[in-house]
>>> print(open('final_26.txt').read())   # compact mmCIF, C-alpha atoms
# COMPACT_ATOMS: atom_id res chain seq x y z
CA MET A 44 248.37 -28.38 7.91
CA GLY A 45 246.20 -28.94 4.81
CA LYS A 46 246.79 -30.87 1.65
CA SER A 47 250.29 -30.72 0.19
CA LEU A 48 250.85 -28.29 -2.65
CA THR A 49 251.81 -30.16 -5.82
CA ALA A 50 254.39 -28.62 -8.11
CA LEU A 51 256.31 -29.11 -11.35
CA ILE A 52 259.72 -27.66 -12.17
CA VAL A 53 260.56 -27.02 -15.83
CA ASP A 54 263.95 -25.57 -16.73
CA ASP A 55 266.48 -26.54 -19.38
CA GLU A 56 269.36 -25.98 -16.93
CA PRO A 57 269.95 -29.01 -14.63
CA LEU A 58 271.62 -26.86 -11.95
CA ALA A 59 268.66 -24.48 -11.84
CA ARG A 60 266.25 -27.42 -11.44
CA GLN A 61 268.36 -28.90 -8.65
CA GLU A 62 268.60 -25.56 -6.84
CA LEU A 63 264.85 -24.95 -6.97
CA LEU A 64 264.11 -28.55 -5.95
CA TYR A 65 266.34 -28.10 -2.90
CA LEU A 66 264.69 -24.81 -1.91
CA LEU A 67 261.19 -26.21 -2.33
CA GLY A 68 262.21 -29.21 -0.23
CA ALA A 69 262.82 -26.82 2.66
CA VAL A 70 259.23 -25.51 2.45
CA GLU A 71 256.66 -27.51 4.39
CA ASP A 72 253.99 -29.49 2.53
CA VAL A 73 255.24 -28.96 -1.01
CA GLU A 74 255.45 -32.04 -3.22
CA VAL A 75 257.42 -31.79 -6.46
CA LEU A 76 255.70 -34.29 -8.75
CA ALA A 77 258.20 -34.19 -11.59
CA GLN A 78 260.79 -32.15 -13.45
CA GLY A 79 260.99 -31.25 -17.12
CA SER A 80 263.88 -29.99 -19.20
CA ASN A 81 262.00 -28.32 -22.05
CA GLY A 82 258.66 -26.85 -23.07
CA ILE A 83 257.44 -29.97 -24.86
CA GLU A 84 257.92 -32.02 -21.70
CA ALA A 85 256.18 -29.25 -19.74
CA VAL A 86 253.02 -29.49 -21.82
CA ASP A 87 252.84 -33.28 -21.38
CA LEU A 88 253.59 -33.18 -17.64
CA ILE A 89 251.06 -30.42 -16.93
CA ARG A 90 248.28 -32.18 -18.83
CA THR A 91 249.07 -35.54 -17.21
CA LEU A 92 249.82 -34.58 -13.60
CA LYS A 93 247.65 -31.42 -13.24
CA PRO A 94 249.81 -29.77 -10.54
CA ASP A 95 248.74 -26.85 -8.37
CA VAL A 96 251.71 -24.78 -9.49
CA ILE A 97 254.36 -24.91 -12.18
CA PHE A 98 257.75 -23.22 -11.90
CA LEU A 99 258.42 -22.42 -15.54
CA ASP A 100 261.63 -21.11 -17.07
CA VAL A 101 260.94 -18.16 -19.37
CA ARG A 102 263.66 -18.88 -21.92
CA MET A 103 264.03 -22.46 -23.16
CA PRO A 104 265.07 -23.82 -26.55
CA GLY A 105 262.29 -25.28 -28.67
CA LEU A 106 259.26 -24.09 -26.70
CA ASP A 107 259.73 -21.30 -24.16
CA GLY A 108 257.68 -20.67 -21.02
CA PHE A 109 255.20 -18.34 -22.73
CA ALA A 110 254.75 -20.74 -25.66
CA VAL A 111 253.95 -23.54 -23.19
CA LEU A 112 250.89 -21.60 -21.99
CA LYS A 113 249.79 -20.91 -25.55
CA LYS A 114 250.19 -24.60 -26.45
CA LEU A 115 248.11 -25.74 -23.47
CA LEU A 116 245.23 -23.47 -24.41
CA ALA A 117 245.52 -24.38 -28.09
CA LEU A 118 245.09 -28.05 -27.16
CA ASP A 119 242.16 -27.39 -24.84
CA LYS A 120 240.50 -23.98 -24.46
CA LYS A 121 238.80 -25.14 -21.24
CA PHE A 122 241.97 -26.49 -19.65
CA LYS A 123 242.35 -25.38 -16.03
CA MET A 124 245.71 -23.67 -15.98
CA PRO A 125 247.88 -24.32 -12.91
CA HIS A 126 249.27 -21.34 -11.05
CA VAL A 127 252.32 -20.20 -12.99
CA VAL A 128 255.55 -18.93 -11.48
CA PHE A 129 258.05 -17.79 -14.07
CA ALA A 130 261.75 -18.33 -13.43
CA THR A 131 264.06 -15.94 -15.24
CA ALA A 132 267.64 -14.76 -15.44
CA PHE A 133 266.50 -11.38 -16.84
CA ASP A 134 267.70 -8.29 -15.05
CA GLN A 135 265.34 -6.13 -12.98
CA TYR A 136 264.36 -3.93 -15.93
CA ALA A 137 263.35 -6.89 -18.08
CA VAL A 138 261.44 -8.37 -15.14
CA LYS A 139 259.44 -5.15 -14.68
CA ALA A 140 258.52 -5.26 -18.37
CA PHE A 141 256.46 -8.42 -17.90
CA GLU A 142 255.83 -8.42 -14.16
CA VAL A 143 252.37 -6.90 -14.57
CA ASN A 144 251.41 -9.83 -16.80
CA ALA A 145 252.92 -12.63 -14.71
CA VAL A 146 251.24 -14.46 -11.85
CA ASP A 147 254.59 -14.37 -10.06
CA TYR A 148 258.27 -14.65 -10.87
CA LEU A 149 261.53 -15.85 -9.35
CA LEU A 150 264.75 -14.17 -10.36
CA LYS A 151 267.81 -16.38 -10.82
CA PRO A 152 269.83 -17.16 -8.78
CA PHE A 153 266.93 -18.20 -6.55
CA ASP A 154 266.50 -16.80 -3.06
CA ALA A 155 265.11 -19.04 -0.29
CA LYS A 156 262.95 -16.30 1.26
CA ARG A 157 261.54 -15.31 -2.12
CA VAL A 158 260.68 -18.94 -2.90
CA ALA A 159 258.92 -19.31 0.47
CA LYS A 160 256.95 -16.09 -0.11
CA THR A 161 255.86 -17.27 -3.54
CA ILE A 162 254.65 -20.57 -2.09
CA GLU A 163 252.56 -18.63 0.48
CA LYS A 164 250.87 -16.72 -2.33
CA VAL A 165 250.14 -19.83 -4.33
CA ARG A 166 248.91 -21.75 -1.28
CA ALA A 167 246.42 -18.97 -0.43
CA ARG A 168 245.04 -18.99 -3.96
CA VAL A 169 244.76 -22.77 -4.08
CA GLU A 170 242.95 -22.82 -0.73
CA VAL A 171 240.36 -20.29 -1.91
CA GLU A 172 239.73 -22.33 -5.04
CA ARG A 173 239.39 -25.53 -3.02
CA ILE A 174 236.89 -24.08 -0.52
CA GLU A 175 234.75 -22.52 -3.22
CA ALA A 176 234.77 -25.74 -5.25
CA GLU A 177 233.67 -27.78 -2.23
CA SER A 178 230.99 -25.38 -0.99
CA GLY A 179 229.79 -24.01 -4.29
CA ASP A 180 229.67 -20.57 -2.67
CA ALA A 181 232.01 -17.61 -2.70
CA ILE A 182 233.88 -17.06 0.56
CA GLU A 183 234.27 -13.77 2.35
CA ASP A 184 237.18 -11.75 1.07
CA ALA A 185 239.30 -11.48 4.21
CA PRO A 186 242.36 -9.21 4.18
CA VAL A 187 245.74 -10.86 3.76
CA SER A 188 248.63 -10.34 6.15
CA SER A 189 251.91 -9.36 4.58
CA GLY A 190 255.31 -10.57 5.63
CA ASP A 191 255.85 -7.61 7.99
CA GLY A 192 252.65 -8.30 9.94
CA SER A 193 250.57 -5.53 8.36
CA GLN A 194 247.40 -6.19 6.39
CA SER A 195 246.96 -5.34 2.75
CA GLY A 196 243.73 -3.87 1.48
CA LEU A 197 243.51 -6.69 -1.06
CA GLY A 198 241.84 -9.87 0.21
CA ILE A 199 242.64 -13.45 -0.73
CA LYS A 200 239.92 -13.51 -3.36
CA GLY A 201 241.26 -10.27 -4.71
CA MET A 202 244.65 -11.88 -5.02
CA VAL A 203 243.12 -14.81 -6.92
CA ALA A 204 241.17 -12.53 -9.23
CA GLY A 205 244.22 -10.36 -9.75
CA ALA A 206 246.37 -13.36 -10.58
CA GLN A 207 243.82 -14.67 -13.07
CA ALA A 208 243.51 -11.23 -14.66
CA LYS A 209 247.28 -11.07 -15.04
CA LEU A 210 247.37 -14.51 -16.65
CA ASP A 211 244.52 -13.57 -19.00
CA ALA A 212 246.36 -10.38 -19.96
CA LEU A 213 249.55 -12.38 -20.54
CA LEU A 214 247.79 -14.87 -22.80
CA LYS A 215 246.13 -12.08 -24.81
CA MET A 216 249.53 -10.44 -25.19
CA LEU A 217 251.01 -13.72 -26.42
CA GLU A 218 248.20 -14.27 -28.90
CA GLY A 219 248.97 -10.92 -30.49
CA GLN A 220 252.71 -11.45 -30.70
CA THR A 221 252.70 -13.48 -33.91
CA ALA A 222 250.67 -10.98 -35.94
CA SER A 223 252.37 -7.88 -34.57
CA GLY A 224 255.81 -9.50 -34.82
CA GLY A 225 255.38 -10.06 -38.55
CA ALA A 226 254.20 -6.50 -39.10
CA SER A 227 257.04 -5.03 -37.06
CA ALA A 228 259.66 -7.01 -38.96
CA GLY A 229 258.22 -5.80 -42.26
CA ALA A 230 258.15 -2.18 -41.11
CA SER A 231 261.73 -2.25 -39.89
CA GLY A 232 263.04 -3.93 -43.03
CA GLY A 233 263.71 -7.35 -41.45
CA THR A 234 265.54 -8.85 -38.53
CA ILE A 235 268.55 -6.98 -37.17
CA ARG A 236 271.56 -9.31 -37.15
CA SER A 237 274.30 -8.69 -34.59
CA GLY A 238 276.79 -11.10 -36.13
CA LYS A 239 276.82 -13.01 -32.83
CA VAL A 240 275.07 -16.18 -31.68
CA VAL A 241 274.24 -16.78 -28.01
CA VAL A 242 275.43 -20.20 -26.79
CA ARG A 243 274.44 -21.40 -23.32
CA ALA A 244 277.15 -23.68 -21.94
CA GLN A 245 278.00 -24.62 -18.34
CA SER A 246 275.59 -21.99 -16.93
CA ARG A 247 277.28 -19.26 -18.99
CA LEU A 248 276.00 -17.18 -21.90
CA LEU A 249 278.74 -17.15 -24.53
CA LEU A 250 278.71 -15.01 -27.68
CA ALA A 251 280.05 -16.87 -30.70
CA ASP A 252 280.86 -15.19 -34.01
CA GLN A 253 278.61 -16.51 -36.76
CA LYS A 254 281.62 -17.42 -38.85
CA ASP A 255 282.77 -19.78 -36.07
CA VAL A 256 279.47 -21.69 -35.89
CA CYS A 257 279.80 -25.06 -37.64
CA PHE A 258 276.18 -26.13 -37.41
CA ALA A 259 273.03 -26.10 -35.28
CA ALA A 260 270.67 -29.00 -34.66
CA ILE A 261 267.30 -29.54 -33.01
CA GLU A 262 266.40 -32.70 -31.09
CA GLU A 263 263.43 -33.17 -28.76
CA GLY A 264 262.82 -29.43 -28.67
CA ARG A 265 266.42 -28.48 -27.78
CA ILE A 266 268.55 -26.53 -30.23
CA SER A 267 272.28 -27.17 -29.93
CA VAL A 268 274.92 -24.91 -31.47
CA VAL A 269 278.37 -26.31 -32.29
CA THR A 270 281.57 -24.39 -32.99
CA LYS A 271 285.11 -25.76 -33.19
CA THR A 272 285.68 -24.97 -29.52
CA VAL A 273 282.26 -24.76 -27.87
CA GLU A 274 279.04 -26.78 -27.85
CA GLY A 275 275.93 -25.55 -26.07
CA ASP A 276 272.24 -24.61 -26.39
CA SER A 277 270.63 -21.77 -28.29
CA ASN A 278 268.08 -19.44 -26.70
CA CYS A 279 265.96 -19.70 -29.85
CA ARG A 280 262.77 -21.74 -29.78
CA THR A 281 262.94 -23.01 -33.36
CA LEU A 282 265.50 -23.39 -36.14
CA GLU A 283 263.48 -20.85 -38.13
CA GLU A 284 264.00 -18.30 -35.36
CA LEU A 285 267.73 -19.06 -35.31
CA MET A 286 267.94 -18.78 -39.11
CA ASP A 287 266.45 -15.28 -38.87
CA GLN A 288 269.58 -14.26 -36.90
CA LEU A 289 272.05 -15.85 -39.32
CA ASP A 290 273.54 -14.72 -42.62
CA PRO A 291 271.46 -16.50 -45.31
CA ASP A 292 274.45 -16.47 -47.68
CA GLN A 293 276.53 -18.41 -45.15
CA PHE A 294 274.03 -20.77 -43.50
CA TRP A 295 271.93 -23.45 -45.17
CA ARG A 296 269.02 -25.56 -43.88
CA ALA A 297 270.38 -28.86 -45.22
CA HIS A 298 267.83 -30.91 -43.29
CA ARG A 299 264.72 -30.13 -41.25
CA SER A 300 266.76 -30.82 -38.09
CA PHE A 301 270.06 -29.18 -39.13
CA VAL A 302 271.40 -25.78 -40.17
CA VAL A 303 274.96 -25.84 -41.47
CA ASN A 304 277.60 -23.21 -42.08
CA ILE A 305 278.67 -23.77 -45.69
CA GLN A 306 282.22 -22.65 -44.86
CA HIS A 307 282.57 -25.45 -42.29
CA ILE A 308 281.62 -28.35 -44.56
CA ARG A 309 284.74 -30.52 -44.71
CA GLU A 310 283.51 -33.23 -47.06
CA VAL A 311 280.46 -34.27 -49.06
CA VAL A 312 279.92 -37.98 -48.57
CA PRO A 313 277.84 -39.94 -51.15
CA TRP A 314 275.23 -42.06 -49.36
CA PHE A 315 272.48 -44.53 -50.22
CA LYS A 316 270.29 -44.09 -53.30
CA SER A 317 271.88 -40.87 -54.56
CA SER A 318 271.64 -39.18 -51.16
CA TYR A 319 274.46 -37.36 -49.37
CA GLN A 320 275.86 -36.59 -45.95
CA LEU A 321 277.99 -33.62 -44.93
CA ARG A 322 281.07 -34.17 -42.80
CA MET A 323 281.65 -31.01 -40.79
CA ASP A 324 284.98 -29.67 -39.52
CA ASP A 325 284.03 -29.59 -35.83
CA ARG A 326 286.08 -31.63 -33.35
CA LYS A 327 283.83 -34.70 -33.77
CA GLN A 328 283.67 -34.36 -37.57
CA THR A 329 279.91 -34.73 -37.28
CA GLU A 330 278.10 -36.22 -40.26
CA ILE A 331 274.84 -34.46 -41.15
CA PRO A 332 272.26 -35.87 -43.57
CA VAL A 333 271.06 -33.83 -46.54
CA SER A 334 267.33 -34.17 -47.07
CA ARG A 335 266.24 -35.25 -50.55
CA SER A 336 264.50 -31.91 -51.07
CA GLN A 337 267.86 -30.15 -50.55
CA THR A 338 269.93 -32.37 -52.84
CA LYS A 339 269.49 -29.97 -55.76
CA ARG A 340 270.69 -27.07 -53.60
CA LEU A 341 273.76 -29.11 -52.59
CA ARG A 342 274.66 -29.79 -56.21
CA GLU A 343 274.26 -26.12 -57.04
CA LEU A 344 276.50 -25.07 -54.16
CA PHE A 345 279.40 -27.32 -55.07
CA ASN A 346 278.79 -28.01 -58.78
CA LEU A 347 278.35 -31.71 -58.15
>>> encode(input="final_26.txt", output="structure tokens")
Amino acid sequence: MGKSLTALIVDDEPLARQELLYLLGAVEDVEVLAQGSNGIEAVDLIRTLKPDVIFLDVRMPGLDGFAVLKKLLALDKKFKMPHVVFATAFDQYAVKAFEVNAVDYLLKPFDAKRVAKTIEKVRARVEVERIEAESGDAIEDAPVSSGDGSQSGLGIKGMVAGAQAKLDALLKMLEGQTASGGASAGASGGTIRSGKVVVRAQSRLLLADQKDVCFAAIEEGRISVVTKTVEGDSNCRTLEELMDQLDPDQFWRAHRSFVVNIQHIREVVPWFKSSYQLRMDDRKQTEIPVSRSQTKRLRELFNL
């Protein structure tokens, strides 16, 4: 057997990381170098460890799987991207929407046979790249055997080229999202608000009424949402994205790291040098700092 395949696992759900680590452990000659819990960690780990393949969750707070790829290329246009396998909890229709642009994907909950098949694909591509790098010459494009013993018309090199083309198409699509997203929002008259906020807690997707949300906070790329009864993670990548979903008359960006529901402020606490903190009415009575730039807004809200 040749050189071990090196891999990274990045997923904000600990159980998903553990499950994938276990399944990869059952595949011969696969070495998981490290695990990450968010997109920011993913960027650092990929640049430092340079794995053969990264298993990347599509939806993560702070920096999602697609944004990780954009960030890597923004930092270094010549960076050699590892083979990317997206992990997703999307249903089959959502998967088909981006399947043509993905190198490969794994649908949650993970399936052992599907994981093994994905590793075979990645291993074939890595081997072609290794041989060509060592010899300096292109190798003959031999047909690839499928799992049922038949041969596909597409050779190994064709698979590699196809995968690279898909990744290129994905990155081009991502580059255009920002510009087109702004135009679309303007044309439709702004973001559609459902009145609900998605909270990921204990491997469940809960829908909280906006009026029940006490506050949201971002720390190390993770956005937490707190209500009186539930605390979990948001699917949003930034607080700005979350704010777009919230009622601007009810929610206030009191600090660069905090968004508060004005109706859930229990007490305004005077602090050092004419600054303030907000004591919220969640179970922990969390105290949230008010940035100096927002002090005027605080005084206007409560006639201080």
>>> atom_distance(input="final_26.txt", atom1="CA of Val75 (chain A)", atom2="CA of Pro104 (chain A)")
22.9 Å
>>> atom_distance(input="final_26.txt", atom1="CA of His307 (chain A)", atom2="CA of Arg340 (chain A)")
16.5 Å
>>> closest_residue(input="final_26.txt", among="A:Ile308, A:Val101, A:Pro125, A:Asp107", to="Tyr148 (chain A)", atoms="only C-alpha atoms")
A:Val101
>>> residues_around(input="final_26.txt", residues="Lys114 (chain A)", least_positions_apart="3", cutoff="12 Å", atoms="all atoms listed in the file", output="PyMOL selection string")
chain A and resi 82-87+89-90+106-111+117-120+122+124+214+217-218
>>> residues_around(input="final_26.txt", residues="Ala59 (chain A)", least_positions_apart="4", cutoff="12 Å", atoms="only C-alpha atoms", output="PyMOL selection string")
chain A and resi 52-55+63-66+78-80+98-100+130-132+149-154+245-246
>>> closest_residue(input="final_26.txt", among="A:Ala297, A:Asp255, A:Glu310, A:Arg280", to="Arg335 (chain A)", atoms="all atoms listed in the file")
A:Ala297
>>> closest_residue(input="final_26.txt", among="A:Ala259, A:Ala251, A:Val311, A:Leu58", to="Met286 (chain A)", atoms="all atoms listed in the file")
A:Ala259
>>> atom_distance(input="final_26.txt", atom1="CA of Thr161 (chain A)", atom2="CA of Thr91 (chain A)")
23.8 Å
>>> residues_around(input="final_26.txt", residues="Lys254 (chain A)", least_positions_apart="5", cutoff="9 Å", atoms="only C-alpha atoms", output="tab-separated table (two decimals) with C-alpha atoms, keeping the file's coordinate frame")
chain	number	residue	atom	x	y	z
A	238	GLY	CA	276.79	-11.10	-36.13
A	239	LYS	CA	276.82	-13.01	-32.83
A	293	GLN	CA	276.53	-18.41	-45.15
A	304	ASN	CA	277.60	-23.21	-42.08
A	306	GLN	CA	282.22	-22.65	-44.86
A	307	HIS	CA	282.57	-25.45	-42.29
>>> closest_residue(input="final_26.txt", among="A:Gly275, A:Glu343, A:Ala77, A:Met103", to="Gln61 (chain A)", atoms="all atoms listed in the file")
A:Ala77
>>> closest_residue(input="final_26.txt", among="A:Val165, A:Val241, A:Leu250, A:Leu289", to="Ser267 (chain A)", atoms="all atoms listed in the file")
A:Val241
>>> residues_near_point(input="final_26.txt", point="(279.4, -37.0, -38.3)", cutoff="12 Å", atoms="all atoms listed in the file", output="NGL selection string")
:A and (257-258 or 308-312 or 320-332)
>>> closest_residue(input="final_26.txt", among="A:Asp95, A:Val303, A:Ala159, A:Lys316", to="Arg173 (chain A)", atoms="all atoms listed in the file")
A:Asp95
